[in-house]
$ cat query-v2.cif   # mmCIF, C-alpha atoms
data_structure
#
loop_
_atom_site.label_atom_id
_atom_site.label_comp_id
_atom_site.auth_asym_id
_atom_site.auth_seq_id
_atom_site.Cartn_x
_atom_site.Cartn_y
_atom_site.Cartn_z
CA MET A 1 -118.50 129.31 76.57
CA GLN A 2 -119.54 128.77 80.17
CA GLN A 3 -122.15 126.04 80.67
CA ILE A 4 -125.55 127.53 81.53
CA THR A 5 -128.99 125.98 81.91
CA LEU A 6 -131.53 126.04 79.10
CA SER A 7 -133.84 128.42 80.95
CA LYS A 8 -131.02 130.93 81.52
CA ARG A 9 -130.09 130.65 77.87
CA ILE A 10 -133.70 131.32 76.83
CA ASN A 11 -133.85 134.33 79.16
CA GLU A 12 -130.67 135.78 77.70
CA LEU A 13 -131.88 135.31 74.14
CA MET A 14 -135.25 136.90 74.95
CA VAL A 15 -133.48 139.98 76.32
CA LEU A 16 -131.25 140.17 73.25
CA ALA A 17 -134.28 139.76 70.97
CA VAL A 18 -136.04 142.72 72.61
CA LEU A 19 -132.92 144.89 72.39
CA GLU A 20 -132.54 144.00 68.73
CA HIS A 21 -135.50 146.37 68.15
CA GLY A 22 -133.76 149.29 69.85
CA PRO A 23 -132.33 150.52 73.17
CA ALA A 24 -134.53 150.04 76.22
CA HIS A 25 -134.68 150.46 79.98
CA GLY A 26 -134.84 147.33 82.13
CA TYR A 27 -138.59 147.66 82.76
CA GLN A 28 -139.26 148.10 79.05
CA ILE A 29 -137.40 144.86 78.36
CA ALA A 30 -139.43 143.03 81.02
CA LEU A 31 -142.69 144.47 79.71
CA SER A 32 -141.83 143.69 76.10
CA VAL A 33 -140.89 140.07 76.84
CA GLU A 34 -144.18 139.54 78.64
CA GLU A 35 -146.25 141.15 75.90
CA ARG A 36 -144.48 139.59 72.93
CA THR A 37 -144.70 136.09 74.42
CA GLY A 38 -148.37 136.55 75.32
CA GLY A 39 -147.54 136.27 79.01
CA THR A 40 -145.88 132.84 78.61
CA PHE A 41 -142.58 134.29 79.81
CA SER A 42 -142.12 137.05 82.35
CA PHE A 43 -139.40 138.24 84.67
CA GLN A 44 -140.40 138.33 88.32
CA HIS A 45 -138.59 139.46 91.48
CA GLY A 46 -135.81 141.25 89.65
CA THR A 47 -134.49 138.16 87.86
CA LEU A 48 -133.97 140.41 84.82
CA TYR A 49 -131.03 142.28 86.38
CA PRO A 50 -128.56 139.40 86.82
CA ILE A 51 -129.21 138.51 83.18
CA LEU A 52 -128.68 142.08 81.97
CA HIS A 53 -125.53 142.49 84.04
CA ARG A 54 -124.16 139.18 82.83
CA LEU A 55 -124.76 140.17 79.20
CA GLU A 56 -123.20 143.55 79.90
CA ASP A 57 -120.08 141.99 81.47
CA GLU A 58 -119.73 139.68 78.47
CA GLY A 59 -120.02 142.60 76.04
CA ARG A 60 -123.28 141.45 74.42
CA VAL A 61 -125.18 144.50 75.58
CA ARG A 62 -123.94 147.92 76.59
CA GLY A 63 -125.51 149.82 79.47
CA ALA A 64 -125.41 153.62 79.67
CA TRP A 65 -126.68 156.04 82.31
CA HIS A 66 -128.73 159.03 81.22
CA GLY A 67 -130.10 162.08 82.97
CA GLU A 68 -128.99 164.28 85.83
CA GLY A 69 -130.05 163.70 89.42
CA ARG A 70 -132.37 160.74 88.97
CA ARG A 71 -130.38 158.76 86.42
CA ARG A 72 -131.84 155.99 84.29
CA LYS A 73 -129.97 153.11 82.73
CA THR A 74 -130.54 152.16 79.12
CA TYR A 75 -129.29 149.03 77.41
CA ARG A 76 -128.47 148.52 73.75
CA ILE A 77 -127.35 145.39 71.91
CA THR A 78 -123.78 145.14 70.57
CA CYS A 79 -122.46 143.38 67.46
CA ALA A 80 -121.41 140.44 69.66
CA GLY A 81 -124.96 140.37 71.05
CA ARG A 82 -126.48 140.24 67.57
CA ALA A 83 -124.22 137.37 66.57
CA GLU A 84 -125.09 135.61 69.81
CA LEU A 85 -128.81 136.08 69.19
CA GLU A 86 -128.59 134.64 65.70
CA ALA A 87 -126.50 131.64 66.73
CA GLY A 88 -128.57 131.09 69.87
CA ALA A 89 -131.88 131.17 67.98
CA ASP A 90 -130.60 128.59 65.48
CA GLU A 91 -129.33 126.38 68.28
CA LEU A 92 -132.61 126.60 70.22
CA GLU A 93 -134.61 125.82 67.13
CA ARG A 94 -132.55 122.68 66.53
CA GLN A 95 -132.85 121.62 70.16
CA PHE A 96 -136.63 122.18 70.32
CA ARG A 97 -137.23 120.36 67.02
CA ALA A 98 -135.33 117.39 68.41
CA LEU A 99 -137.20 117.59 71.70
CA LEU A 100 -140.62 117.88 70.06
CA GLY A 101 -139.75 115.00 67.75
CA LEU A 102 -139.03 112.88 70.76
CA LEU A 103 -142.13 113.96 72.68
CA ARG A 104 -144.52 113.44 69.78
CA GLY A 105 -142.88 110.30 68.47
CA ASN A 106 -142.18 111.98 65.16
CA HIS A 107 -138.51 111.13 64.58
CA ALA A 108 -138.49 112.69 61.12
CA ALA A 109 -138.88 116.14 62.74
CA ALA A 110 -135.39 115.89 64.19
CA MET B 1 -147.71 150.52 113.89
CA PRO B 2 -144.03 150.39 112.87
CA PRO B 3 -143.02 152.50 109.83
CA ARG B 4 -143.10 150.53 106.60
CA GLU B 5 -139.67 149.67 105.23
CA HIS B 6 -138.63 151.04 101.83
CA PRO B 7 -139.09 148.31 99.19
CA LEU B 8 -135.42 148.47 98.27
CA ALA B 9 -134.16 148.47 101.87
CA GLY B 10 -133.84 144.68 101.71
CA VAL B 11 -131.60 144.96 98.66
CA GLU B 12 -129.48 147.59 100.40
CA ARG B 13 -129.17 145.38 103.47
CA GLU B 14 -128.73 141.97 101.90
CA LEU B 15 -126.62 142.54 98.83
CA LYS B 16 -122.95 142.10 99.75
CA VAL B 17 -121.23 143.87 96.89
CA PRO B 18 -119.04 147.01 96.85
CA PRO B 19 -121.05 150.18 97.69
CA ARG B 20 -120.77 151.70 94.20
CA ARG B 21 -122.27 148.58 92.61
CA ARG B 22 -125.04 148.42 95.19
CA LEU B 23 -126.01 152.06 94.78
CA ASP B 24 -125.99 151.73 90.98
CA LEU B 25 -128.29 148.70 91.17
CA ILE B 26 -130.67 150.42 93.58
CA GLU B 27 -130.79 153.50 91.36
CA GLU B 28 -131.41 151.33 88.30
CA VAL B 29 -134.21 149.35 89.94
CA GLU B 30 -135.80 152.47 91.44
CA GLY B 31 -135.85 154.18 88.02
CA ASP B 32 -137.34 151.08 86.39
CA VAL B 33 -140.00 150.73 89.10
CA ARG B 34 -141.07 154.34 88.51
CA GLY B 35 -141.12 153.77 84.75
CA LEU B 36 -143.13 150.56 84.91
CA GLN B 37 -145.52 152.08 87.45
CA ALA B 38 -146.17 155.01 85.10
CA VAL B 39 -146.87 152.66 82.17
CA LEU B 40 -149.26 150.52 84.24
CA GLU B 41 -151.08 153.62 85.51
CA ARG B 42 -151.56 154.81 81.92
CA ARG B 43 -153.09 151.40 81.20
CA GLY B 44 -155.69 151.84 83.89
CA HIS B 45 -154.13 150.39 87.05
CA SER B 46 -154.61 152.37 90.23
CA PRO B 47 -151.37 153.95 91.53
CA ALA B 48 -151.18 151.52 94.46
CA GLN B 49 -151.82 148.51 92.27
CA ALA B 50 -149.35 149.70 89.63
CA ARG B 51 -146.66 150.21 92.25
CA ARG B 52 -147.28 146.78 93.77
CA VAL B 53 -146.99 145.04 90.39
CA ALA B 54 -143.87 147.05 89.46
CA LEU B 55 -142.18 146.24 92.75
CA GLN B 56 -143.07 142.56 92.50
CA GLN B 57 -141.68 142.34 89.01
CA LEU B 58 -138.49 144.36 89.42
CA VAL B 59 -137.21 144.38 93.00
CA PRO B 60 -134.61 141.59 93.25
CA GLY B 61 -135.62 138.75 95.55
CA GLY B 62 -133.55 135.97 97.07
CA GLU B 63 -132.49 134.17 93.88
CA ALA B 64 -131.77 137.37 91.96
CA LEU B 65 -129.79 138.77 94.89
CA ASP B 66 -127.72 135.59 95.06
CA ARG B 67 -126.94 135.79 91.37
CA LEU B 68 -126.13 139.51 91.53
CA GLU B 69 -123.84 138.88 94.47
CA ALA B 70 -122.15 136.00 92.66
CA ARG B 71 -121.52 138.35 89.74
CA HIS B 72 -120.53 141.59 91.45
CA ALA B 73 -118.97 140.60 94.77
CA PRO B 74 -115.20 141.13 95.09
CA ARG B 75 -113.13 138.13 93.97
CA PRO B 76 -112.24 136.94 97.51
CA ARG B 77 -115.92 137.02 98.47
CA ARG B 78 -116.86 134.96 95.41
CA TRP B 79 -114.11 132.51 96.29
CA VAL B 80 -115.36 132.24 99.88
CA ARG B 81 -118.96 131.78 98.65
CA ALA B 82 -117.92 129.01 96.31
CA ALA B 83 -116.65 126.98 99.27
CA ASP B 84 -119.02 127.84 102.10
CA TRP B 85 -116.95 126.12 104.81
CA LEU B 86 -114.20 128.64 104.05
CA ASP B 87 -116.27 131.39 105.63
CA HIS B 88 -115.94 129.76 109.03
CA ALA B 89 -112.30 128.88 108.46
CA VAL B 90 -111.51 132.49 107.56
CA ARG B 91 -113.21 133.73 110.74
CA VAL B 92 -111.35 131.29 112.98
CA GLY B 93 -108.08 131.96 111.15
CA VAL B 94 -108.44 135.72 111.50
CA GLY B 95 -109.17 135.45 115.21
CA ALA B 96 -106.31 133.04 115.88
CA ALA B 97 -103.77 134.98 113.81
CA ALA B 98 -104.67 138.31 115.39
CA THR B 99 -104.61 136.87 118.92
CA LEU B 100 -101.24 135.22 118.40
CA ALA B 101 -99.77 138.32 116.77
CA GLY B 102 -100.99 140.59 119.57
CA ALA B 103 -99.82 138.22 122.28
CA ALA B 104 -96.39 137.73 120.72
CA ALA B 105 -95.77 141.46 120.22
CA PHE B 106 -96.77 142.43 123.73
CA THR B 107 -95.05 139.54 125.42
CA LEU B 108 -91.80 140.74 123.85
CA ALA B 109 -92.45 144.34 124.89
CA ALA B 110 -93.55 143.38 128.38
CA SER B 111 -90.64 141.03 129.17
CA GLY B 112 -88.37 144.03 129.87
CA SER B 113 -90.73 145.89 132.20
CA SER B 114 -91.60 142.79 134.28
CA GLY B 115 -87.86 142.25 134.88
CA VAL B 116 -87.49 145.76 136.36
CA SER B 117 -90.50 145.26 138.63
CA THR B 118 -89.13 141.98 139.90
CA ALA B 119 -85.96 143.75 140.97
CA ASN B 120 -87.87 146.52 142.75
CA GLY B 121 -91.05 145.02 144.10
CA GLY B 122 -90.53 141.51 145.42
CA ALA B 123 -93.02 138.63 145.12
CA ALA B 124 -96.25 140.63 145.62
CA GLY B 125 -95.11 143.28 143.16
CA THR B 126 -94.19 140.67 140.58
CA GLY B 127 -97.66 139.09 140.89
CA LEU B 128 -99.54 142.33 140.32
CA THR B 129 -97.21 143.44 137.54
CA ALA B 130 -97.69 140.10 135.78
CA VAL B 131 -101.49 140.49 136.00
CA LEU B 132 -101.23 143.99 134.53
CA VAL B 133 -98.88 142.88 131.78
CA TRP B 134 -101.04 139.92 130.78
CA SER B 135 -104.18 142.08 130.83
CA GLN B 136 -102.42 144.41 128.42
CA VAL B 137 -101.40 141.45 126.28
CA LEU B 138 -105.03 140.34 126.14
CA LEU B 139 -106.22 143.85 125.28
CA ALA B 140 -103.62 144.21 122.55
CA ALA B 141 -104.68 140.87 121.10
CA LEU B 142 -108.35 141.94 121.13
CA LEU B 143 -107.47 145.27 119.47
CA ALA B 144 -105.49 143.41 116.80
CA ALA B 145 -108.33 140.90 116.31
CA ASN B 146 -110.86 143.73 115.92
CA LEU B 147 -108.77 145.49 113.28
CA THR B 148 -108.03 142.22 111.49
CA TRP B 149 -111.75 141.38 111.45
CA THR B 150 -112.42 144.77 109.86
CA ALA B 151 -109.65 144.33 107.29
CA ALA B 152 -110.96 140.85 106.42
CA ARG B 153 -114.51 142.19 105.91
CA LEU B 154 -113.22 144.98 103.69
CA TRP B 155 -111.16 142.47 101.71
CA ILE B 156 -113.88 139.84 101.39
CA HIS B 157 -117.02 141.98 101.07
CA GLY B 158 -115.38 145.09 99.64
CA ASP B 159 -117.38 147.15 102.12
CA LEU B 160 -117.96 147.78 105.82
CA ARG B 161 -121.68 148.29 106.42
CA PRO B 162 -122.99 150.86 108.97
CA ALA B 163 -123.69 148.13 111.55
CA GLY B 164 -120.15 146.79 111.09
CA ARG B 165 -118.65 150.27 111.40
CA ARG B 166 -120.59 150.92 114.60
CA LEU B 167 -119.45 147.59 116.04
CA LEU B 168 -115.83 148.31 115.07
CA TRP B 169 -115.73 151.70 116.81
CA ALA B 170 -117.70 150.53 119.85
CA ARG B 171 -115.27 147.65 120.39
CA GLN B 172 -112.23 149.76 119.60
CA GLY B 173 -113.38 152.55 121.95
CA GLY B 174 -114.07 150.13 124.78
CA LEU B 175 -110.73 148.41 124.39
CA ILE B 176 -108.81 151.70 124.22
CA VAL B 177 -110.50 152.95 127.41
CA ALA B 178 -109.64 149.67 129.11
CA ALA B 179 -106.02 149.90 127.87
CA VAL B 180 -105.65 153.47 129.15
CA ALA B 181 -107.12 152.50 132.53
CA LEU B 182 -104.76 149.55 132.80
CA GLY B 183 -101.82 151.72 131.77
CA ALA B 184 -102.70 154.26 134.46
CA LEU B 185 -103.02 151.50 137.03
CA GLY B 186 -99.64 150.08 135.98
CA ALA B 187 -97.99 153.51 136.18
CA ALA B 188 -99.49 154.14 139.62
CA TRP B 189 -98.24 150.77 140.79
CA GLU B 190 -94.73 151.41 139.43
CA GLY B 191 -94.70 154.81 141.15
CA TYR B 192 -95.85 153.30 144.41
CA GLN B 193 -93.13 150.63 144.15
CA ALA B 194 -90.48 153.24 143.47
CA PHE B 195 -91.36 155.30 146.55
CA THR B 196 -92.07 152.51 149.04
CA GLY B 197 -90.02 149.55 147.89
CA PRO B 198 -86.33 148.76 148.63
CA GLY B 199 -84.04 151.58 147.39
CA SER B 200 -86.78 154.18 147.65
CA ASP B 201 -84.50 156.27 149.97
CA ALA B 202 -82.67 157.31 146.86
CA ILE B 203 -85.75 159.28 145.83
CA SER B 204 -86.29 161.08 149.13
CA SER B 205 -87.37 164.69 149.13
CA LEU B 206 -83.94 165.78 150.34
CA SER B 207 -82.17 164.14 147.44
CA ALA B 208 -84.71 165.68 145.11
CA TRP B 209 -83.92 169.16 146.44
CA GLY B 210 -80.21 168.38 146.10
CA ALA B 211 -80.75 167.58 142.45
CA VAL B 212 -82.62 170.85 141.99
CA HIS B 213 -79.73 172.86 143.55
CA GLU B 214 -77.15 171.05 141.47
CA ALA B 215 -79.07 171.93 138.37
CA GLY B 216 -78.84 175.60 139.38
CA VAL B 217 -82.54 176.20 139.66
CA ALA B 218 -83.34 178.93 142.19
CA PRO B 219 -85.69 177.90 145.03
CA LEU B 220 -89.05 179.60 145.13
#

$ encode --input "query-v2.cif" --output "structure tokens"
Amino acid sequence: MQQITLSKRINELMVLAVLEHGPAHGYQIALSVEERTGGTFSFQHGTLYPILHRLEDEGRVRGAWHGEGRRRKTYRITCAGRAELEAGADELERQFRALLGLLRGNHAAA
Amino acid sequence: MPPREHPLAGVERELKVPPRRRLDLIEEVEGDVRGLQAVLERRGHSPAQARRVALQQLVPGGEALDRLEARHAPRPRRWVRAADWLDHAVRVGVGAAATLAGAAAFTLAASGSSGVSTANGGAAGTGLTAVLVWSQVLLAALLAANLTWTAARLWIHGDLRPAGRRLLWARQGGLIVAAVALGALGAAWEGYQAFTGPGSDAISSLSAWGAVHEAGVAPL
């Protein structure tokens, strides 16, 4: 897998987590992330689209256009995306436990 | 007061990806902006406020544009972006290659015609003919460079934007007009040499009439 930063990884997993609940437009994903994280995370200045397009290129989500004239794009998660979400959540949990253990001096947490 | 620019005009202008990709992205963002604006209005935002928030959240800015370009630009463009000095090298290379190609082709073509003029026109004629030939060489090189520049942009960016197209045709038109003018000047000079230079007696009006009679054409 290509090396990406932790923040990009978190962003990707947040998008996958939202899509796990059903297909959504880009703005619905952005809105849902903001609401479900209590405003801790939000996508600003269109940073959502490179993430969506990257996931789409890698086959973790599938985008489809709907409507005539003014088309709208909807994304849905794929099987590869679900597997990625599960593995990614486990990996993040392990990493954050280790990090918190270090920060709080509680080595047993790791 | 100047007219306000469309919020997605910056994306249209800045994003160097093939046109189909760019239009798809603009359509996607525009649809999402409308959707988010509608949701925010239902939640009590004023239309202006809802639109402002939706645009701020969804219209790609500098970083997002960079990442979209890195993902969707044609392969040569991504390769050039990865090594930024290559951009300059490509420009210089294109210019040099086109200039050399144009010069070489026209020097070969012109070597024959300058030989004829030397035989007919003497030193002054040779000087003027050489100026005309080398002007044509320069024009041909510029035409080749212009076309090569266009081909390189199409290859690297996958697109030729309206400004680029205008520049291409303005340059091409100007160069073609200059080439035609030079050609006409050269033809006029060759004609003048043929009628006034050494051996021009052979093209006297009498001999011309003789040729007409021999061909069996009845006089008027």

$ closest_atom_pairs --input "query-v2.cif" --of "chain B" --to "chain A" --cutoff "6 Å" --atoms "all atoms listed in the file" --output "tab-separated table"
residue	atom	partner	partner_atom	distance
B:Gly31	CA	A:Arg72	CA	5.8
B:Asp32	CA	A:Tyr27	CA	5.1
B:Leu36	CA	A:Tyr27	CA	5.8
B:Gln56	CA	A:His45	CA	5.5
B:Gln57	CA	A:Gln44	CA	4.3
B:Leu58	CA	A:Gly46	CA	4.1
B:Val59	CA	A:Gly46	CA	4.8
B:Pro60	CA	A:Gly46	CA	3.8
B:Gly61	CA	A:His45	CA	5.1
B:Ala64	CA	A:Thr47	CA	5.0
B:Leu68	CA	A:Pro50	CA	5.3

$ atom_distance --input "query-v2.cif" --atom1 "atom CA of B:Val17" --atom2 "atom CA of B:Ala73"
4.5 Å

$ resolve_selection --input "query-v2.cif" --expression "the PyMOL selection byres ((chain B and resi 178) around 12)" --output "JSON, numbers by chain"
{"B": [132, 135, 136, 137, 138, 139, 140, 142, 143, 171, 172, 173, 174, 175, 176, 177, 179, 180, 181, 182, 183, 184, 185]}

$ residues_around --input "query-v2.cif" --residues "A:Leu13" --least-positions-apart "3" --cutoff "7 Å" --atoms "only C-alpha atoms" --output "list of chain:residue names"
A:Arg9, A:Ile10, A:Leu16, A:Ala17, A:Leu85, A:Gly88

$ residues_around --input "query-v2.cif" --residues "B:Leu23" --least-positions-apart "5" --cutoff "12 Å" --atoms "all atoms listed in the file" --output "list in words"
Arg71 of chain A; Leu8, Ala9, Val11, Glu12, Arg13, Leu15, Lys16, Val17, Pro18, Glu28, Val29 and Glu30 of chain B

$ resolve_selection --input "query-v2.cif" --expression "the PyMOL selection byres ((chain A and resi 76) around 8)" --output "ChimeraX atom specification"
/A:19-20,22-24,61-63,74-75,77-78

$ atom_distance --input "query-v2.cif" --atom1 "atom CA of B:Ala145" --atom2 "atom CA of B:Gly93"
10.3 Å

$ atom_distance --input "query-v2.cif" --atom1 "atom CA of B:Pro162" --atom2 "atom CA of B:Arg34"
27.5 Å
